[in-house]
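Below is model_5.tsv, which holds TSV, C-alpha atoms.
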chain	number	residue	atom	x	y	z
A	450	MET	CA	0.00	0.00	0.00
A	451	ALA	CA	2.83	2.37	0.86
A	452	LEU	CA	4.56	1.47	-2.38
A	453	SER	CA	1.55	2.21	-4.54
A	454	ASN	CA	0.89	5.44	-2.68
A	455	SER	CA	4.44	6.64	-3.10
A	456	LEU	CA	4.35	5.59	-6.75
A	457	TYR	CA	1.20	7.60	-7.27
A	458	ASN	CA	2.50	10.64	-5.47
A	459	THR	CA	5.86	10.52	-7.25
A	460	PHE	CA	4.90	9.92	-10.86
A	461	PHE	CA	1.18	10.05	-11.48
A	462	LYS	CA	-0.10	12.96	-9.50
A	463	ARG	CA	1.22	15.74	-11.71
A	464	ASN	CA	0.59	15.38	-15.39
A	465	SER	CA	3.84	17.10	-16.29
A	466	VAL	CA	5.81	14.58	-14.28
A	467	PHE	CA	3.71	11.78	-15.73
A	468	VAL	CA	4.29	12.80	-19.34
A	469	THR	CA	7.99	13.43	-18.74
A	470	THR	CA	8.31	10.02	-17.16
A	471	VAL	CA	6.51	8.46	-20.11
A	472	PHE	CA	8.87	10.07	-22.61
A	473	MET	CA	11.96	9.24	-20.63
A	474	GLY	CA	10.66	5.71	-20.29
A	475	ALA	CA	10.07	5.54	-24.03
A	476	PHE	CA	13.64	6.65	-24.66
A	477	ALA	CA	15.06	4.11	-22.24
A	478	PHE	CA	12.73	1.42	-23.49
A	479	GLY	CA	13.79	2.03	-27.08
A	480	ILE	CA	17.46	1.69	-26.23
A	481	GLY	CA	16.88	-1.35	-24.06
A	482	PHE	CA	14.64	-3.02	-26.62
A	483	ASP	CA	17.16	-2.46	-29.41
A	484	THR	CA	19.99	-3.79	-27.31
A	485	GLY	CA	18.02	-6.80	-26.22
A	486	VAL	CA	16.83	-7.70	-29.71
A	487	THR	CA	20.33	-7.31	-31.13
A	488	LYS	CA	21.74	-9.50	-28.40
A	489	PHE	CA	19.12	-12.12	-29.02
A	490	TYR	CA	19.70	-11.97	-32.78
A	491	ASP	CA	23.43	-12.39	-32.35
A	492	SER	CA	23.05	-15.32	-29.99
A	493	TRP	CA	20.43	-16.95	-32.22
A	494	ASN	CA	22.66	-16.61	-35.31
A	495	LYS	CA	25.87	-17.43	-33.54
A	496	GLY	CA	28.54	-18.56	-35.99
A	497	LYS	CA	26.62	-17.47	-39.05
A	498	GLN	CA	27.35	-13.78	-39.20
A	499	TRP	CA	30.30	-12.19	-40.91
A	500	LYS	CA	31.63	-10.77	-37.71
A	501	ASP	CA	31.75	-14.28	-36.30
A	502	ILE	CA	33.59	-15.84	-39.25
A	503	ARG	CA	35.63	-12.85	-40.34
A	504	HIS	CA	38.77	-14.09	-38.63
A	505	LYS	CA	38.77	-17.17	-40.88
A	506	TYR	CA	39.09	-15.15	-44.05
A	507	VAL	CA	40.67	-11.85	-43.17
A	508	GLU	CA	44.09	-11.68	-41.64
A	509	GLU	CA	44.65	-8.60	-39.64
A	510	SER	CA	47.61	-6.75	-41.10
B	1075	MET	CA	-81.21	11.80	23.84
B	1076	ALA	CA	-80.42	8.39	25.19
B	1077	SER	CA	-83.81	7.06	24.19
B	1078	PHE	CA	-83.18	8.50	20.68
B	1079	GLN	CA	-79.91	6.61	20.44
B	1080	VAL	CA	-81.70	3.41	21.20
B	1081	VAL	CA	-84.21	4.17	18.52
B	1082	LYS	CA	-81.41	4.83	15.92
B	1083	LYS	CA	-80.03	1.35	16.47
B	1084	ALA	CA	-80.41	-0.92	13.45
B	1085	VAL	CA	-83.04	-3.54	13.84
B	1086	SER	CA	-84.29	-6.23	11.60
B	1087	LEU	CA	-87.39	-4.71	10.08
B	1088	GLY	CA	-89.13	-5.18	6.90
B	1089	PRO	CA	-87.37	-2.98	4.33
B	1090	THR	CA	-90.50	-1.33	3.13
B	1091	VAL	CA	-93.14	-0.39	5.54
B	1092	ARG	CA	-94.74	2.28	3.52
B	1093	ALA	CA	-94.16	4.27	0.38
B	1094	LEU	CA	-93.61	8.03	0.20
B	1095	PRO	CA	-95.91	10.13	-1.98
B	1096	SER	CA	-93.10	10.32	-4.56
B	1097	GLY	CA	-93.15	6.58	-4.84
B	1098	ILE	CA	-89.84	6.02	-3.06
B	1099	PRO	CA	-90.23	3.38	-0.41
B	1100	HIS	CA	-89.83	4.74	3.10
B	1101	ALA	CA	-87.09	2.84	4.89
B	1102	PRO	CA	-85.96	5.02	7.80
B	1103	LEU	CA	-83.73	2.60	9.76
B	1104	LEU	CA	-82.12	0.68	6.97
B	1105	ASN	CA	-78.33	0.36	7.40
B	1106	LEU	CA	-76.81	-0.10	4.01
B	1107	ALA	CA	-73.29	-0.18	5.37
B	1108	VAL	CA	-73.79	-3.27	7.34
B	1109	ARG	CA	-71.05	-5.87	7.06
B	1110	ALA	CA	-71.03	-9.60	7.34
B	1111	PRO	CA	-70.64	-10.78	10.92
B	1112	HIS	CA	-67.05	-11.20	12.08
B	1113	ASP	CA	-67.24	-14.88	12.74
B	1114	ALA	CA	-65.94	-18.16	11.44
B	1115	HIS	CA	-67.96	-17.79	8.28
B	1116	ALA	CA	-65.58	-15.08	7.15
B	1117	HIS	CA	-62.91	-17.71	6.59
B	1118	GLY	CA	-60.31	-15.58	8.34
B	1119	HIS	CA	-60.38	-12.79	5.80
B	1120	GLY	CA	-61.47	-10.21	8.25
B	1121	VAL	CA	-64.25	-7.80	7.50
B	1122	GLN	CA	-65.06	-8.02	3.78
B	1123	PRO	CA	-67.65	-6.40	1.63
B	1124	ARG	CA	-70.58	-8.63	1.11
B	1125	SER	CA	-70.25	-10.76	-1.94
B	1126	ASP	CA	-73.91	-10.36	-2.81
B	1127	VAL	CA	-73.63	-6.57	-2.98
B	1128	ALA	CA	-72.80	-5.01	-6.30
B	1129	PRO	CA	-69.66	-2.76	-6.30
B	1130	ARG	CA	-70.30	0.90	-5.83
B	1131	TRP	CA	-69.22	1.89	-9.32
B	1132	ALA	CA	-71.98	-0.32	-10.71
B	1133	GLY	CA	-74.61	1.51	-8.76
B	1134	GLY	CA	-76.55	0.27	-5.83
B	1135	ALA	CA	-78.91	1.46	-3.18
B	1136	SER	CA	-78.31	4.56	-1.13
B	1137	GLN	CA	-80.31	6.49	1.39
B	1138	VAL	CA	-81.43	9.94	0.55
B	1139	GLY	CA	-82.83	11.47	3.68
B	1140	SER	CA	-85.17	8.85	4.92
B	1141	GLY	CA	-85.74	7.54	1.40
B	1142	LEU	CA	-84.01	4.74	-0.41
B	1143	VAL	CA	-82.67	5.25	-3.91
B	1144	SER	CA	-81.28	2.54	-6.13
B	1145	LYS	CA	-79.12	3.56	-9.05
B	1146	THR	CA	-77.58	1.45	-11.79
B	1147	PHE	CA	-74.97	3.21	-13.95
B	1148	SER	CA	-75.13	2.34	-17.58
B	1149	THR	CA	-71.72	3.94	-18.20
B	1150	ILE	CA	-68.92	3.38	-15.76
B	1151	PRO	CA	-67.05	6.58	-14.82
B	1152	PRO	CA	-63.43	6.70	-15.89
B	1153	THR	CA	-60.88	5.83	-13.36
B	1154	ILE	CA	-59.17	8.98	-12.22
B	1155	ASN	CA	-56.04	9.05	-10.12
B	1156	HIS	CA	-56.76	11.59	-7.48
B	1157	GLN	CA	-53.49	10.84	-5.82
B	1158	GLN	CA	-50.26	10.83	-7.78
B	1159	ARG	CA	-48.79	7.41	-7.48
B	1160	LEU	CA	-45.36	6.16	-8.55
B	1161	MET	CA	-44.93	3.04	-10.58
B	1162	HIS	CA	-45.26	0.86	-7.61
B	1163	THR	CA	-46.39	1.34	-4.09
B	1164	SER	CA	-43.66	-0.71	-2.48
B	1165	VAL	CA	-40.76	0.93	-0.73
B	1166	SER	CA	-38.73	2.89	-3.24
B	1167	LEU	CA	-35.43	1.32	-4.14
B	1168	LYS	CA	-32.24	3.30	-4.13
B	1169	ASN	CA	-30.98	1.21	-7.03
B	1170	ALA	CA	-33.76	1.84	-9.48
B	1171	ASN	CA	-32.01	0.21	-12.44
B	1172	GLU	CA	-31.31	-2.89	-10.41
B	1173	THR	CA	-27.65	-3.15	-11.35
B	1174	PRO	CA	-25.88	-5.94	-9.57
B	1175	ASP	CA	-24.30	-5.13	-6.28
B	1176	PHE	CA	-20.55	-5.35	-6.63
B	1177	SER	CA	-19.74	-4.02	-3.23
B	1178	ALA	CA	-18.69	-7.46	-2.07
B	1179	TYR	CA	-16.01	-7.53	-4.75
B	1180	ARG	CA	-14.77	-4.00	-4.22
B	1181	HIS	CA	-11.55	-3.39	-2.43
B	1182	SER	CA	-11.87	-1.26	0.61
B	1183	ASN	CA	-8.61	0.53	-0.15
B	1184	THR	CA	-8.37	1.64	-3.78
B	1185	ASP	CA	-4.84	3.08	-3.66
B	1186	SER	CA	-3.18	0.09	-5.24
B	1187	ASN	CA	-5.87	-0.11	-7.90
B	1188	ARG	CA	-5.34	3.55	-8.74
B	1189	ALA	CA	-1.59	3.13	-8.96
B	1190	LEU	CA	-2.00	0.07	-11.15
B	1191	SER	CA	-4.42	1.85	-13.47
B	1192	TYR	CA	-2.10	4.81	-13.93
B	1193	PHE	CA	0.79	2.43	-14.39
B	1194	MET	CA	-1.01	0.66	-17.20
B	1195	VAL	CA	-1.86	3.99	-18.83
B	1196	GLY	CA	1.76	5.07	-18.55
B	1197	SER	CA	3.02	1.79	-19.97
B	1198	MET	CA	0.70	2.22	-22.91
B	1199	GLY	CA	2.13	5.70	-23.40
B	1200	VAL	CA	5.69	4.45	-23.21
B	1201	ILE	CA	5.12	1.72	-25.75
B	1202	SER	CA	3.21	3.90	-28.17
B	1203	ALA	CA	5.74	6.73	-27.88
B	1204	SER	CA	8.63	4.40	-28.63
B	1205	ALA	CA	6.68	2.85	-31.50
B	1206	ALA	CA	6.03	6.28	-32.97
B	1207	LYS	CA	9.67	7.27	-32.52
B	1208	SER	CA	10.98	4.13	-34.18
B	1209	SER	CA	8.48	4.46	-37.04
B	1210	ILE	CA	9.65	7.99	-37.73
B	1211	SER	CA	13.33	7.15	-37.47
B	1212	GLU	CA	12.94	4.09	-39.70
B	1213	PHE	CA	11.14	6.22	-42.25
B	1214	LEU	CA	13.90	8.82	-42.15
B	1215	GLN	CA	16.49	6.10	-42.58
B	1216	THR	CA	14.91	5.15	-45.89
B	1217	MET	CA	15.94	8.57	-47.14
B	1218	ALA	CA	19.57	8.06	-46.11
B	1219	ALA	CA	22.08	6.77	-48.60
B	1220	SER	CA	22.38	3.01	-48.64
B	1221	ALA	CA	25.60	1.20	-47.84
B	1222	ASP	CA	26.58	0.51	-51.44
B	1223	VAL	CA	26.18	4.15	-52.38
B	1224	LEU	CA	28.26	5.15	-49.39
B	1225	ALA	CA	30.91	2.62	-50.41
B	1226	LEU	CA	31.07	4.12	-53.89
B	1227	ALA	CA	31.21	7.57	-52.46
B	1228	LYS	CA	34.69	7.12	-51.04
B	1229	VAL	CA	37.91	6.55	-52.91
B	1230	GLU	CA	41.19	5.52	-51.41
B	1231	VAL	CA	44.44	6.47	-53.05
B	1232	GLU	CA	47.87	5.13	-52.21
B	1233	LEU	CA	49.97	8.24	-51.98
B	1234	ALA	CA	53.29	6.35	-52.11
B	1235	SER	CA	52.62	5.45	-55.72
B	1236	ILE	CA	52.61	9.10	-56.81
B	1237	PRO	CA	56.07	10.48	-57.40
B	1238	GLU	CA	56.87	14.08	-56.70
B	1239	GLY	CA	55.85	16.47	-59.41
B	1240	LYS	CA	53.34	14.10	-60.99
B	1241	ASN	CA	49.59	14.11	-61.34
B	1242	VAL	CA	47.16	11.30	-60.72
B	1243	ILE	CA	43.66	11.46	-62.07
B	1244	ILE	CA	41.13	9.20	-60.43
B	1245	LYS	CA	37.42	8.88	-60.82
B	1246	TRP	CA	35.30	9.83	-57.88
B	1247	ARG	CA	31.52	10.01	-58.07
B	1248	GLY	CA	31.71	10.10	-61.84
B	1249	LYS	CA	34.08	13.04	-61.86
B	1250	PRO	CA	37.84	13.18	-62.31
B	1251	VAL	CA	39.90	14.19	-59.31
B	1252	PHE	CA	43.40	15.55	-59.73
B	1253	ILE	CA	45.91	14.69	-57.10
B	1254	ARG	CA	49.18	16.46	-57.58
B	1255	HIS	CA	52.28	15.75	-55.62
B	1256	ARG	CA	53.77	19.17	-55.68
B	1257	THR	CA	57.44	19.92	-55.54
B	1258	GLN	CA	58.80	22.48	-53.16
B	1259	ASP	CA	59.20	24.96	-56.00
B	1260	GLU	CA	55.57	24.66	-56.91
B	1261	ILE	CA	54.52	25.15	-53.34
B	1262	ASN	CA	56.64	28.25	-53.05
B	1263	GLU	CA	55.33	29.56	-56.29
B	1264	ALA	CA	51.73	28.96	-55.26
B	1265	ARG	CA	52.29	30.71	-51.99
B	1266	THR	CA	54.12	33.69	-53.31
B	1267	THR	CA	51.59	34.38	-56.02
B	1268	ASP	CA	49.65	37.53	-55.47
B	1269	TRP	CA	46.45	35.59	-55.03
B	1270	LYS	CA	44.50	38.59	-53.82
B	1271	GLY	CA	44.57	39.97	-57.30
B	1272	LEU	CA	43.13	36.86	-58.88
B	1273	ARG	CA	39.57	36.52	-59.96
B	1274	ASP	CA	38.66	34.10	-57.17
B	1275	PRO	CA	40.95	35.10	-54.33
B	1276	GLU	CA	41.75	32.13	-52.17
B	1277	SER	CA	45.01	31.51	-50.39
B	1278	ASP	CA	46.97	28.36	-51.02
B	1279	ASP	CA	46.75	27.34	-47.38
B	1280	ALA	CA	43.01	27.39	-47.62
B	1281	ARG	CA	43.05	25.01	-50.57
B	1282	VAL	CA	45.33	22.27	-49.24
B	1283	LYS	CA	45.61	20.35	-46.06
B	1284	LYS	CA	49.21	19.42	-46.67
B	1285	PRO	CA	51.19	21.68	-48.95
B	1286	GLU	CA	52.74	18.85	-51.00
B	1287	TRP	CA	49.39	17.35	-51.90
B	1288	LEU	CA	46.94	19.34	-53.98
B	1289	VAL	CA	43.57	17.66	-54.42
B	1290	MET	CA	41.10	19.18	-56.82
B	1291	LEU	CA	37.96	18.26	-58.65
B	1292	GLY	CA	39.04	18.05	-62.25
B	1293	VAL	CA	36.01	19.68	-63.75
B	1294	CYS	CA	36.46	23.16	-64.96
B	1295	THR	CA	34.13	25.51	-63.20
B	1296	HIS	CA	33.40	26.98	-66.57
B	1297	LEU	CA	32.38	23.48	-67.70
B	1298	GLY	CA	34.15	23.92	-70.99
B	1299	CYS	CA	37.74	22.96	-70.61
B	1300	VAL	CA	40.07	20.59	-68.88
B	1301	PRO	CA	42.15	22.67	-66.57
B	1302	ILE	CA	45.81	22.50	-65.97
B	1303	ALA	CA	46.26	24.92	-63.17
B	1304	GLY	CA	44.23	24.75	-60.02
B	1305	ARG	CA	43.44	28.40	-59.79
B	1306	ILE	CA	41.90	30.67	-62.26
B	1307	ARG	CA	44.48	33.03	-63.70
B	1308	LYS	CA	42.73	34.12	-66.82
B	1309	GLY	CA	40.00	32.90	-69.04
B	1310	PRO	CA	36.30	32.50	-68.66
B	1311	ALA	CA	36.17	30.29	-65.56
B	1312	PRO	CA	34.65	32.14	-62.61
B	1313	LEU	CA	36.04	30.10	-59.76
B	1314	ASN	CA	39.03	28.08	-58.72
B	1315	LEU	CA	38.81	24.35	-59.11
B	1316	GLU	CA	36.65	22.86	-56.42
B	1317	VAL	CA	38.43	21.08	-53.63
B	1318	PRO	CA	36.62	17.94	-52.54
B	1319	GLN	CA	36.44	16.75	-49.00
B	1320	TYR	CA	39.39	14.50	-48.29
B	1321	GLU	CA	41.53	13.35	-45.47
B	1322	PHE	CA	44.76	11.49	-44.91
B	1323	SER	CA	44.65	8.17	-43.13
B	1324	GLU	CA	46.91	5.39	-41.95
B	1325	GLY	CA	49.90	7.55	-41.23
B	1326	ASP	CA	49.62	9.75	-44.31
B	1327	GLU	CA	50.05	6.80	-46.64
B	1328	LYS	CA	46.54	6.89	-47.95
B	1329	LEU	CA	44.25	9.61	-49.11
B	1330	VAL	CA	40.53	9.11	-48.70
B	1331	ILE	CA	38.36	11.29	-50.85
B	1332	GLY	CA	34.73	11.57	-49.89

What does this structure look like when you write it as structure tokens?
Amino acid sequence: MALSNSLYNTFFKRNSVFVTTVFMGAFAFGIGFDTGVTKFYDSWNKGKQWKDIRHKYVEES
Amino acid sequence: MASFQVVKKAVSLGPTVRALPSGIPHAPLLNLAVRAPHDAHAHGHGVQPRSDVAPRWAGGASQVGSGLVSKTFSTIPPTINHQQRLMHTSVSLKNANETPDFSAYRHSNTDSNRALSYFMVGSMGVISASAAKSSISEFLQTMAASADVLALAKVEVELASIPEGKNVIIKWRGKPVFIRHRTQDEINEARTTDWKGLRDPESDDARVKKPEWLVMLGVCTHLGCVPIAGRIRKGPAPLNLEVPQYEFSEGDEKLVIG
């Protein structure tokens, strides 16, 4: 009960704070979502991407 | 008076003793309001109107003075509400629409419900805002140059292969680019020229990043001739040869144009 009350009083009570929080959350969510999807994609396609097999074909000079 | 009261008491008497001159039978002590006796024959219903008496709206006998009048209505009077009544006479309900009572399911403290509701609204906002942002940025990325175009847009030149005092002409974005490895004499000459008196005054330092390498776009700004010199000395060309964007990389061994 105290948690929900403090949550309400911190974020939801003032619309300006609410909207700001929403936009900040959207920004953070976008970054986190992109990072997570990329990580998942890389792990799913492990060993198939060029960056994984580049060392077999390209010798660093 | 007491004797009169005794006389007024209803007695069983023949209903008509005599007739009045008007023809109405004279029945002075007839009690028309008499009810059935309150006894076992009433079947526990209490005092009821007599079943053998016609209802009052149909007519019936009444006393007028000491006379007895019997009326029978051929038309029944309309029923008129003299008292305003609601739809029903039972106790009025607070919940007139009879919606179900959810009070048993309601939480006594609604703080957590409120916080959860606002949280869901905010989550919806977060997701839709990020969806809108990514839609817009993806759309703008379709306008950006693709990777193959960007790869064509840059040209690498090995500078070690150009001896001093020689030109190299390479193709960059469909246009020739002159790269001249200038000798020290040429540099000195370019610097000492009175460039302020030229048609397009531009100092030599402004046109090169390193004095021994002069990089120019090999298209005459007059679009009619192949130039030899980098700067306009005389002739119809309005401007000096354009200098493309370039930079040196890998320890000044390579020149990247683009």

With a distance threshold of 7 Å and counting all atoms listed in the file, extract the residues of chain B near chain A and express them as an mmCIF file with C-alpha atoms, in the frame of the given file.
data_model
loop_
_atom_site.group_PDB
_atom_site.id
_atom_site.type_symbol
_atom_site.label_atom_id
_atom_site.label_comp_id
_atom_site.auth_asym_id
_atom_site.auth_seq_id
_atom_site.Cartn_x
_atom_site.Cartn_y
_atom_site.Cartn_z
ATOM 1 C CA ASP B 1185 -4.840 3.080 -3.660
ATOM 2 C CA SER B 1186 -3.180 0.090 -5.240
ATOM 3 C CA ALA B 1189 -1.590 3.130 -8.960
ATOM 4 C CA TYR B 1192 -2.100 4.810 -13.930
ATOM 5 C CA GLY B 1196 1.760 5.070 -18.550
ATOM 6 C CA GLY B 1199 2.130 5.700 -23.400
ATOM 7 C CA VAL B 1200 5.690 4.450 -23.210
ATOM 8 C CA ILE B 1201 5.120 1.720 -25.750
ATOM 9 C CA ALA B 1203 5.740 6.730 -27.880
ATOM 10 C CA SER B 1204 8.630 4.400 -28.630
#

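Candidate residues B:Lys1283, B:Ile1261, B:Val1293, B:Pro1275 were compared for distance to Gly1248 in chain B, and the nearest is B:Val1293, using all atoms listed in the file.
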
Have a look at CA of Ile1236 in chain B and CA of His1255 in chain B and let me know their distance in Å, one decimal.
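Value for the CA of Ile1236 in chain B-CA of His1255 in chain B distance: 6.8 Å.
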
Closest to Arg1130 in chain B among B:Thr1267, B:Asn1183, B:Asn1171, B:Ser1144, using all atoms listed in the file?
B:Ser1144

re CA of Glu1232 in chain B and CA of Ser1323 in chain B: distance 10.1 Å

Exercise on range 463-472 of chain A, axis-aligned box with 3 Å per side, report centre and edge lengths in Å to one decimal, as JSON:
{"center_x": 4.7, "center_y": 12.8, "center_z": -17.2, "size_x": 14.3, "size_y": 14.6, "size_z": 16.9}

Residue among B:Leu1104, B:Val1330, B:Ala1205, B:Ala1093 lying closest to Ile1244 in chain B, counting only C-alpha atoms:
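So, comparing all the options, the nearest one is B:Val1330.
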
Measure the distance from CA of Glu1321 in chain B to CA of Trp1287 in chain B in Å and round it to one decimal.
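Value for the CA of Glu1321 in chain B-CA of Trp1287 in chain B distance: 10.9 Å.
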
Taking 2 positions as the minimum chain separation for residues in the same chain, which residues sit within 6 Å of Ala1227 in chain B when counting all atoms listed in the file? Answer as a ChimeraX atom specification.
/B:1224-1225,1332

Let's have the selection written as a tab-separated table (two decimals), in the coordinates of the input, with C-alpha atoms.
chain	number	residue	atom	x	y	z
B	1224	LEU	CA	28.26	5.15	-49.39
B	1225	ALA	CA	30.91	2.62	-50.41
B	1332	GLY	CA	34.73	11.57	-49.89

Can I get a file of range 482-505 of chain A from the given structure, N, CA and C atoms kept, as a PDB file, in the first residue's frame?
ATOM      1  N   PHE A 482      15.258  -2.077 -25.683  1.00  0.00           N
ATOM      2  CA  PHE A 482      14.643  -3.018 -26.618  1.00  0.00           C
ATOM      3  C   PHE A 482      15.590  -3.320 -27.772  1.00  0.00           C
ATOM      4  N   ASP A 483      16.218  -2.260 -28.308  1.00  0.00           N
ATOM      5  CA  ASP A 483      17.158  -2.458 -29.412  1.00  0.00           C
ATOM      6  C   ASP A 483      18.315  -3.337 -28.969  1.00  0.00           C
ATOM      7  N   THR A 484      18.862  -3.016 -27.799  1.00  0.00           N
ATOM      8  CA  THR A 484      19.994  -3.790 -27.310  1.00  0.00           C
ATOM      9  C   THR A 484      19.607  -5.243 -27.105  1.00  0.00           C
ATOM     10  N   GLY A 485      18.451  -5.442 -26.500  1.00  0.00           N
ATOM     11  CA  GLY A 485      18.019  -6.803 -26.220  1.00  0.00           C
ATOM     12  C   GLY A 485      17.784  -7.601 -27.487  1.00  0.00           C
ATOM     13  N   VAL A 486      17.131  -6.980 -28.463  1.00  0.00           N
ATOM     14  CA  VAL A 486      16.830  -7.695 -29.714  1.00  0.00           C
ATOM     15  C   VAL A 486      18.125  -8.014 -30.449  1.00  0.00           C
ATOM     16  N   THR A 487      19.061  -7.052 -30.460  1.00  0.00           N
ATOM     17  CA  THR A 487      20.333  -7.305 -31.131  1.00  0.00           C
ATOM     18  C   THR A 487      21.089  -8.445 -30.454  1.00  0.00           C
ATOM     19  N   LYS A 488      21.044  -8.438 -29.142  1.00  0.00           N
ATOM     20  CA  LYS A 488      21.738  -9.497 -28.397  1.00  0.00           C
ATOM     21  C   LYS A 488      21.121 -10.859 -28.715  1.00  0.00           C
ATOM     22  N   PHE A 489      19.808 -10.869 -28.718  1.00  0.00           N
ATOM     23  CA  PHE A 489      19.117 -12.125 -29.021  1.00  0.00           C
ATOM     24  C   PHE A 489      19.421 -12.579 -30.441  1.00  0.00           C
ATOM     25  N   TYR A 490      19.430 -11.643 -31.379  1.00  0.00           N
ATOM     26  CA  TYR A 490      19.697 -11.968 -32.782  1.00  0.00           C
ATOM     27  C   TYR A 490      21.099 -12.541 -32.926  1.00  0.00           C
ATOM     28  N   ASP A 491      22.060 -11.915 -32.243  1.00  0.00           N
ATOM     29  CA  ASP A 491      23.432 -12.393 -32.346  1.00  0.00           C
ATOM     30  C   ASP A 491      23.578 -13.777 -31.753  1.00  0.00           C
ATOM     31  N   SER A 492      22.906 -14.006 -30.622  1.00  0.00           N
ATOM     32  CA  SER A 492      23.046 -15.316 -29.995  1.00  0.00           C
ATOM     33  C   SER A 492      22.314 -16.385 -30.801  1.00  0.00           C
ATOM     34  N   TRP A 493      21.200 -15.994 -31.419  1.00  0.00           N
ATOM     35  CA  TRP A 493      20.431 -16.947 -32.221  1.00  0.00           C
ATOM     36  C   TRP A 493      21.207 -17.348 -33.481  1.00  0.00           C
ATOM     37  N   ASN A 494      21.917 -16.373 -34.075  1.00  0.00           N
ATOM     38  CA  ASN A 494      22.660 -16.615 -35.306  1.00  0.00           C
ATOM     39  C   ASN A 494      24.146 -16.752 -35.028  1.00  0.00           C
ATOM     40  N   LYS A 495      24.466 -17.326 -33.916  1.00  0.00           N
ATOM     41  CA  LYS A 495      25.869 -17.427 -33.540  1.00  0.00           C
ATOM     42  C   LYS A 495      26.607 -18.290 -34.559  1.00  0.00           C
ATOM     43  N   GLY A 496      27.755 -17.791 -35.035  1.00  0.00           N
ATOM     44  CA  GLY A 496      28.545 -18.561 -35.988  1.00  0.00           C
ATOM     45  C   GLY A 496      28.102 -18.401 -37.424  1.00  0.00           C
ATOM     46  N   LYS A 497      27.083 -17.637 -37.677  1.00  0.00           N
ATOM     47  CA  LYS A 497      26.616 -17.470 -39.052  1.00  0.00           C
ATOM     48  C   LYS A 497      26.905 -16.089 -39.592  1.00  0.00           C
ATOM     49  N   GLN A 498      27.194 -15.157 -38.727  1.00  0.00           N
ATOM     50  CA  GLN A 498      27.352 -13.784 -39.198  1.00  0.00           C
ATOM     51  C   GLN A 498      28.798 -13.521 -39.575  1.00  0.00           C
ATOM     52  N   TRP A 499      28.961 -12.526 -40.402  1.00  0.00           N
ATOM     53  CA  TRP A 499      30.298 -12.187 -40.912  1.00  0.00           C
ATOM     54  C   TRP A 499      31.244 -11.839 -39.792  1.00  0.00           C
ATOM     55  N   LYS A 500      30.719 -11.154 -38.793  1.00  0.00           N
ATOM     56  CA  LYS A 500      31.629 -10.771 -37.708  1.00  0.00           C
ATOM     57  C   LYS A 500      32.080 -11.974 -36.897  1.00  0.00           C
ATOM     58  N   ASP A 501      31.329 -13.079 -37.011  1.00  0.00           N
ATOM     59  CA  ASP A 501      31.749 -14.281 -36.298  1.00  0.00           C
ATOM     60  C   ASP A 501      32.793 -15.077 -37.084  1.00  0.00           C
ATOM     61  N   ILE A 502      32.687 -15.015 -38.443  1.00  0.00           N
ATOM     62  CA  ILE A 502      33.595 -15.841 -39.252  1.00  0.00           C
ATOM     63  C   ILE A 502      34.654 -15.011 -39.958  1.00  0.00           C
ATOM     64  N   ARG A 503      34.699 -13.720 -39.635  1.00  0.00           N
ATOM     65  CA  ARG A 503      35.631 -12.847 -40.340  1.00  0.00           C
ATOM     66  C   ARG A 503      37.081 -13.291 -40.130  1.00  0.00           C
ATOM     67  N   HIS A 504      37.378 -13.763 -38.942  1.00  0.00           N
ATOM     68  CA  HIS A 504      38.767 -14.092 -38.630  1.00  0.00           C
ATOM     69  C   HIS A 504      39.271 -15.274 -39.460  1.00  0.00           C
ATOM     70  N   LYS A 505      38.344 -16.044 -40.043  1.00  0.00           N
ATOM     71  CA  LYS A 505      38.774 -17.170 -40.878  1.00  0.00           C
ATOM     72  C   LYS A 505      39.278 -16.713 -42.234  1.00  0.00           C
TER      73      LYS A 505
END
